[in-house]
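Step one of this worksheet: look at the structure below.
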Amino acid sequence: GPRQAVTRKQKSSFRLTLVQMSFYRNVVWFIKGMREYTRAGYESASKHFVAKDLDVSVVGLSFMITGANSGIGKETALAIAKKGGTVHLVCRNKERAEAAREEIARKSGNAEIYIHLLDLSETRKVWEFAEAFKKEYSSLNVLINNAGSMVNQRQLTSDGLEKNFATNALGVYVLTKCLIPLMERSRDPRVVTVSSGGMLVKKLDTADLQTERVVFDGTMVYAQNKRQQVVMTEVLAKAHPKIHFSAMHPGWVDTPAVATAMPQFHQLMQPRLRTPEQGADTVVWLALTHAATANASGLFFQDRRAVSAHLPLAWTHSSQQEVQDFMAQLETLAMSVRPSVSSVDT
Ligand SMILES: NC(=O)c1ccc[n+]([C@@H]2O[C@H](COP(=O)([O-])OP(=O)(O)OC[C@H]3O[C@@H](n4cnc5c(N)ncnc54)[C@H](OP(=O)(O)O)[C@@H]3O)[C@@H](O)[C@H]2O)c1
């Protein structure tokens, strides 16, 4: 009847609005990116950097960096090693990890560089690794969640989880949560999560964390995961006031991840992409400086400045209910693959 017709009309106009909104967000994001996320964007932002911020020594402090064998993670590890920090490289591939350790030790002259082999998409293993680390080490000052994944086909991990979600969201959650007690006992503790400006096009979506219900688009799943990291950072910051949390965007950086996962974007943008060192700058700044912790905990950074985690008029804010729902789902998934206490304790 007429009522159904109205509903159908409303539904299709609602869908049209969603498409328009998504188009709007992508256009605004791309224009912003061309101005700010490029190498030129870095060069212009860096004019306002305070050089003496990085006049610090972190001898005696320890730093864990995931995905530290390549790109932004490797440059971050090198910069921290040069400042005297003890560095724990968390990588999934032994050869690549050893090559990175050798390079970082040689360039920095710092011998306190350690390798830990872990695939962050294997959530059960993330638990085991973090529990073992807590037993072995008496402190951890800074955790840098840098490893990131953009797999363009829907793949499942051995725990039955969608692989990008497992790596970018659940792996980060489990590693961070499990290490929090150790960090709370350590001096000046911080958690820095390398998110992405790509998350600006996404609102938190709690209905389909495993991407079972829509056509799989790796770029969109990645952007959703990066939004999830920002939300997680805000929540953990409130829950754990002893630790300084931040999420950040490194800009558009020329790394293997971009070349492999987004070959067209890489080819088109290559002359404009930042170097990995430029991409690592704000990660290093957040991990090392007093200027960084002068900011509130839980914020989103770009080029050493706290910036909005939302595009103007983009409707990407999530409700309290959605945030709670998301965190509850993470916790449930995390606990469902947690090794039994006895196997963790022995
Ligand atoms: N490049 C950009 O333009 C850009 C923009 C925004 C955000 N980001 C973020 O920056 C971070 C670093 O990426 P990158 O651009 O520097 O790329 P990259 O050079 O390819 O580094 C990615 C690192 O993550 C590791 N990794 C991926 N999946 C893993 C897993 N399951 N377990 C353990 N390690 C894993 C990789 O290990 P393998 O070497 O073994 O693959 C590699 O060490 C990512 O979180 C990415 O999302 C990058």
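Every chain in the structure tokens takes a letter, A first, then B, and so on in the order presented; its residues are numbered from 1, and the ligands are numbered from 1 following the presented order.
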Residues within 10 Å of segment 29-46 of chain A, only C-alpha atoms, excluding chain neighbours under 2 positions, as a PyMOL selection string: chain A and resi 23-27+48-51+197-201+249-254+269-275+278-279+281+302-305+311
Once you count only C-alpha atoms and all ligand atoms, what closest atom pair and distance in Å to one decimal does each residue of chain A within 7 Å of ligand 1 have, with rows by chain and rising residue number, as a tab-separated table?
residue	atom	partner	partner_atom_place_in_ligand_line	distance
A:Thr66	CA	ligand 1	34 (N)	6.2
A:Gly67	CA	ligand 1	43 (O)	3.3
A:Ala68	CA	ligand 1	43 (O)	5.0
A:Asn69	CA	ligand 1	43 (O)	4.6
A:Ser70	CA	ligand 1	19 (O)	4.1
A:Gly71	CA	ligand 1	19 (O)	3.3
A:Ile72	CA	ligand 1	16 (O)	3.8
A:Gly73	CA	ligand 1	16 (O)	5.7
A:Val90	CA	ligand 1	33 (C)	6.9
A:Cys91	CA	ligand 1	34 (N)	4.9
A:Arg92	CA	ligand 1	33 (C)	4.5
A:Asn93	CA	ligand 1	40 (O)	5.2
A:Arg96	CA	ligand 1	39 (O)	6.6
A:Leu118	CA	ligand 1	33 (C)	5.9
A:Asp119	CA	ligand 1	32 (N)	3.6
A:Leu120	CA	ligand 1	32 (N)	3.8
A:Ser121	CA	ligand 1	31 (N)	4.4
A:Asn146	CA	ligand 1	45 (O)	4.7
A:Ala147	CA	ligand 1	24 (O)	3.4
A:Gly148	CA	ligand 1	45 (O)	3.4
A:Ser149	CA	ligand 1	28 (N)	4.8
A:Thr167	CA	ligand 1	31 (N)	5.2
A:Val194	CA	ligand 1	45 (O)	5.2
A:Ser195	CA	ligand 1	7 (C)	5.4
A:Ser196	CA	ligand 1	6 (C)	4.0
A:Gly197	CA	ligand 1	6 (C)	6.2
A:Gly198	CA	ligand 1	6 (C)	6.9
A:His249	CA	ligand 1	6 (C)	5.7
A:Pro250	CA	ligand 1	6 (C)	5.5
A:Gly251	CA	ligand 1	5 (C)	5.4
A:Trp252	CA	ligand 1	3 (O)	3.5
A:Val253	CA	ligand 1	3 (O)	3.7
A:Asp254	CA	ligand 1	1 (N)	5.7
A:Thr255	CA	ligand 1	19 (O)	4.5
A:Pro256	CA	ligand 1	20 (O)	4.3
A:Ala257	CA	ligand 1	20 (O)	3.5
A:Val258	CA	ligand 1	1 (N)	5.4
A:Pro276	CA	ligand 1	16 (O)	6.7
DSSP-assigned strand (DSSP E) among segment 70-280 of chain A, expressed as a ChimeraX atom specification: /A:86-91,113-117,142-145,190-194,244-249
Selected residue, from A:Ala259, A:Ala306, A:Val230, A:Met248, that lies nearest to Ser318 of chain A when counting only C-alpha atoms: A:Val230
Surrounding residues of Lys238 of chain A excluding itself and chain neighbours under 3 positions, 8 Å, only C-alpha atoms, as number ranges by chain: A: 234-235, 241, 297-298
Nearest candidate to Val231 of chain A (options A:Val307, A:Met262, A:Leu209, A:Val323; using only C-alpha atoms):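 Of A:Val307, A:Met262, A:Leu209, A:Val323, the one nearest Val231 of chain A, counting only C-alpha atoms, is A:Val323.
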Gly160 of chain A surroundings by only C-alpha atoms, 10 Å radius, close-in-sequence under 5 positions cut, as a list in words: Glu122, Gln155, Ala166 and Gln210 of chain A
For those residues, write N, CA and C atoms to a file as a PDB file, in the first residue's frame.
ATOM      1  N   GLU A 122      47.664 -13.492  15.026  1.00  0.00           N
ATOM      2  CA  GLU A 122      47.368 -14.706  15.799  1.00  0.00           C
ATOM      3  C   GLU A 122      47.119 -14.323  17.265  1.00  0.00           C
ATOM      4  N   GLN A 155      40.467 -13.056   4.528  1.00  0.00           N
ATOM      5  CA  GLN A 155      41.164 -14.245   5.020  1.00  0.00           C
ATOM      6  C   GLN A 155      40.875 -14.409   6.499  1.00  0.00           C
ATOM      7  N   ALA A 166      41.985  -8.765  13.027  1.00  0.00           N
ATOM      8  CA  ALA A 166      42.800  -9.446  14.040  1.00  0.00           C
ATOM      9  C   ALA A 166      44.125  -8.707  14.248  1.00  0.00           C
ATOM     10  N   GLN A 210      33.696  -8.636  11.726  1.00  0.00           N
ATOM     11  CA  GLN A 210      34.425  -9.620  10.914  1.00  0.00           C
ATOM     12  C   GLN A 210      34.167  -9.440   9.410  1.00  0.00           C
TER      13      GLN A 210
END
Interatomic distance, atom CA of Lys125 of chain A to atom CA of Asp159 of chain A (Å, one decimal):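 Going from atom CA of Lys125 of chain A over to atom CA of Asp159 of chain A covers 10.1 Å.
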Separation of atom CA of Gln10 of chain A from atom CA of Gln320 of chain A, in Å and rounded to one decimal: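 Answer for the atom CA of Gln10 of chain A to atom CA of Gln320 of chain A separation: 26.9 Å.
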Hey, which bits of segment 210-310 of chain A sit within 10 Å of segment 177-183 of chain A, and for each residue what's the closest pair of atoms and how far apart in Å (one decimal), counting only C-alpha atoms, rows by chain and increasing number, as a Markdown table?
| residue | atom | partner | partner_atom | distance |
| --- | --- | --- | --- | --- |
| A:Leu236 | CA | A:Lys177 | CA | 8.6 |
| A:His240 | CA | A:Ile180 | CA | 8.2 |
| A:Lys242 | CA | A:Met183 | CA | 8.9 |
| A:Ile243 | CA | A:Met183 | CA | 7.5 |
DSSP helix (DSSP H, G or I) residues within segment 104-259 of chain A, listed as a ChimeraX atom specification: /A:104-108,123-136,163-184,197-201,218-239,256-259
Okay, now the selection with C-alpha atoms, as an mmCIF file, in the first residue's frame?
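Resulting contents of part.cif:
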data_model
loop_
_atom_site.group_PDB
_atom_site.id
_atom_site.type_symbol
_atom_site.label_atom_id
_atom_site.label_comp_id
_atom_site.auth_asym_id
_atom_site.auth_seq_id
_atom_site.Cartn_x
_atom_site.Cartn_y
_atom_site.Cartn_z
ATOM 1 C CA ILE A 104 69.671 -0.429 13.693
ATOM 2 C CA ALA A 105 72.560 -1.555 15.922
ATOM 3 C CA ARG A 106 75.140 -0.537 13.320
ATOM 4 C CA LYS A 107 73.638 2.889 12.580
ATOM 5 C CA SER A 108 72.935 3.761 16.221
ATOM 6 C CA THR A 123 45.506 -13.414 18.837
ATOM 7 C CA ARG A 124 46.210 -16.433 21.014
ATOM 8 C CA LYS A 125 49.923 -15.995 20.353
ATOM 9 C CA VAL A 126 49.680 -12.306 21.205
ATOM 10 C CA TRP A 127 48.384 -13.271 24.650
ATOM 11 C CA GLU A 128 51.156 -15.829 25.135
ATOM 12 C CA PHE A 129 53.831 -13.390 24.013
ATOM 13 C CA ALA A 130 52.629 -10.541 26.240
ATOM 14 C CA GLU A 131 52.254 -12.785 29.296
ATOM 15 C CA ALA A 132 55.769 -14.168 28.793
ATOM 16 C CA PHE A 133 57.193 -10.670 28.305
ATOM 17 C CA LYS A 134 55.620 -9.523 31.574
ATOM 18 C CA LYS A 135 57.316 -12.400 33.381
ATOM 19 C CA GLU A 136 60.708 -11.829 31.831
ATOM 20 C CA LYS A 163 42.816 -11.018 9.297
ATOM 21 C CA ASN A 164 42.929 -7.199 9.084
ATOM 22 C CA PHE A 165 40.694 -6.896 12.141
ATOM 23 C CA ALA A 166 42.800 -9.446 14.040
ATOM 24 C CA THR A 167 46.049 -7.593 13.262
ATOM 25 C CA ASN A 168 44.973 -3.965 13.443
ATOM 26 C CA ALA A 169 42.336 -4.040 16.151
ATOM 27 C CA LEU A 170 42.248 -7.172 18.314
ATOM 28 C CA GLY A 171 46.044 -7.709 18.282
ATOM 29 C CA VAL A 172 46.578 -4.116 19.390
ATOM 30 C CA TYR A 173 43.909 -4.466 22.077
ATOM 31 C CA VAL A 174 45.284 -7.705 23.543
ATOM 32 C CA LEU A 175 48.924 -6.614 23.451
ATOM 33 C CA THR A 176 48.125 -3.274 25.052
ATOM 34 C CA LYS A 177 45.710 -4.591 27.700
ATOM 35 C CA CYS A 178 48.042 -7.367 28.721
ATOM 36 C CA LEU A 179 51.072 -5.069 29.052
ATOM 37 C CA ILE A 180 49.243 -2.307 30.951
ATOM 38 C CA PRO A 181 50.038 -3.665 34.458
ATOM 39 C CA LEU A 182 53.753 -3.838 33.581
ATOM 40 C CA MET A 183 53.694 -0.349 32.096
ATOM 41 C CA GLU A 184 51.858 1.072 35.097
ATOM 42 C CA GLY A 197 44.174 9.577 8.365
ATOM 43 C CA GLY A 198 42.227 7.080 6.248
ATOM 44 C CA MET A 199 40.076 6.436 9.330
ATOM 45 C CA LEU A 200 38.561 9.910 8.931
ATOM 46 C CA VAL A 201 36.242 8.541 6.223
ATOM 47 C CA GLY A 218 40.359 -4.234 2.044
ATOM 48 C CA THR A 219 40.887 -0.469 2.002
ATOM 49 C CA MET A 220 37.565 0.163 3.741
ATOM 50 C CA VAL A 221 38.145 -2.599 6.307
ATOM 51 C CA TYR A 222 41.560 -1.080 7.031
ATOM 52 C CA ALA A 223 40.039 2.401 7.437
ATOM 53 C CA GLN A 224 37.423 0.960 9.815
ATOM 54 C CA ASN A 225 40.179 -0.784 11.844
ATOM 55 C CA LYS A 226 42.115 2.483 12.045
ATOM 56 C CA ARG A 227 38.975 4.238 13.360
ATOM 57 C CA GLN A 228 38.689 1.412 15.905
ATOM 58 C CA GLN A 229 42.261 2.130 17.050
ATOM 59 C CA VAL A 230 41.382 5.774 17.658
ATOM 60 C CA VAL A 231 38.270 4.837 19.662
ATOM 61 C CA MET A 232 40.251 2.244 21.646
ATOM 62 C CA THR A 233 42.902 4.865 22.428
ATOM 63 C CA GLU A 234 40.272 7.261 23.801
ATOM 64 C CA VAL A 235 38.695 4.573 25.985
ATOM 65 C CA LEU A 236 41.969 3.131 27.328
ATOM 66 C CA ALA A 237 43.236 6.637 28.099
ATOM 67 C CA LYS A 238 40.218 7.263 30.356
ATOM 68 C CA ALA A 239 40.486 3.854 32.022
ATOM 69 C CA PRO A 256 56.296 -1.600 1.158
ATOM 70 C CA ALA A 257 52.799 -1.669 2.703
ATOM 71 C CA VAL A 258 51.568 1.103 0.406
ATOM 72 C CA ALA A 259 53.367 -0.241 -2.666
#
Distance of atom CA of Asn110 of chain A from atom CA of Ala79 of chain A, expressed in Å to one decimal place: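 Rounded to one decimal, the two atoms are 10.8 Å apart.
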Excluding same-chain residues fewer than 3 positions from Ala111 of chain A, what lies within 12 Å of it counting only C-alpha atoms, as a PDB file with C-alpha atoms, in the first residue's frame?
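See part_23.pdb below for the written result:
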ATOM      1  CA  VAL A  59      69.116   5.505  28.385  1.00  0.00           C
ATOM      2  CA  LEU A  78      66.431   3.599  14.836  1.00  0.00           C
ATOM      3  CA  ALA A  81      68.105   3.505  19.559  1.00  0.00           C
ATOM      4  CA  LYS A  82      70.088   6.648  18.739  1.00  0.00           C
ATOM      5  CA  GLY A  84      69.979   5.318  23.973  1.00  0.00           C
ATOM      6  CA  GLY A  85      66.734   3.434  24.604  1.00  0.00           C
ATOM      7  CA  THR A  86      66.504  -0.329  24.893  1.00  0.00           C
ATOM      8  CA  VAL A  87      64.479  -1.461  21.902  1.00  0.00           C
ATOM      9  CA  HIS A  88      62.302  -4.566  21.557  1.00  0.00           C
ATOM     10  CA  ARG A 101      68.347  -5.397  14.144  1.00  0.00           C
ATOM     11  CA  GLU A 102      71.756  -5.493  12.476  1.00  0.00           C
ATOM     12  CA  GLU A 103      71.064  -2.234  10.624  1.00  0.00           C
ATOM     13  CA  ILE A 104      69.671  -0.429  13.693  1.00  0.00           C
ATOM     14  CA  ALA A 105      72.560  -1.555  15.922  1.00  0.00           C
ATOM     15  CA  ARG A 106      75.140  -0.537  13.320  1.00  0.00           C
ATOM     16  CA  LYS A 107      73.638   2.889  12.580  1.00  0.00           C
ATOM     17  CA  SER A 108      72.935   3.761  16.221  1.00  0.00           C
ATOM     18  CA  TYR A 114      66.197  -7.332  20.918  1.00  0.00           C
ATOM     19  CA  ILE A 115      64.027  -9.387  18.590  1.00  0.00           C
TER      20      ILE A 115
END
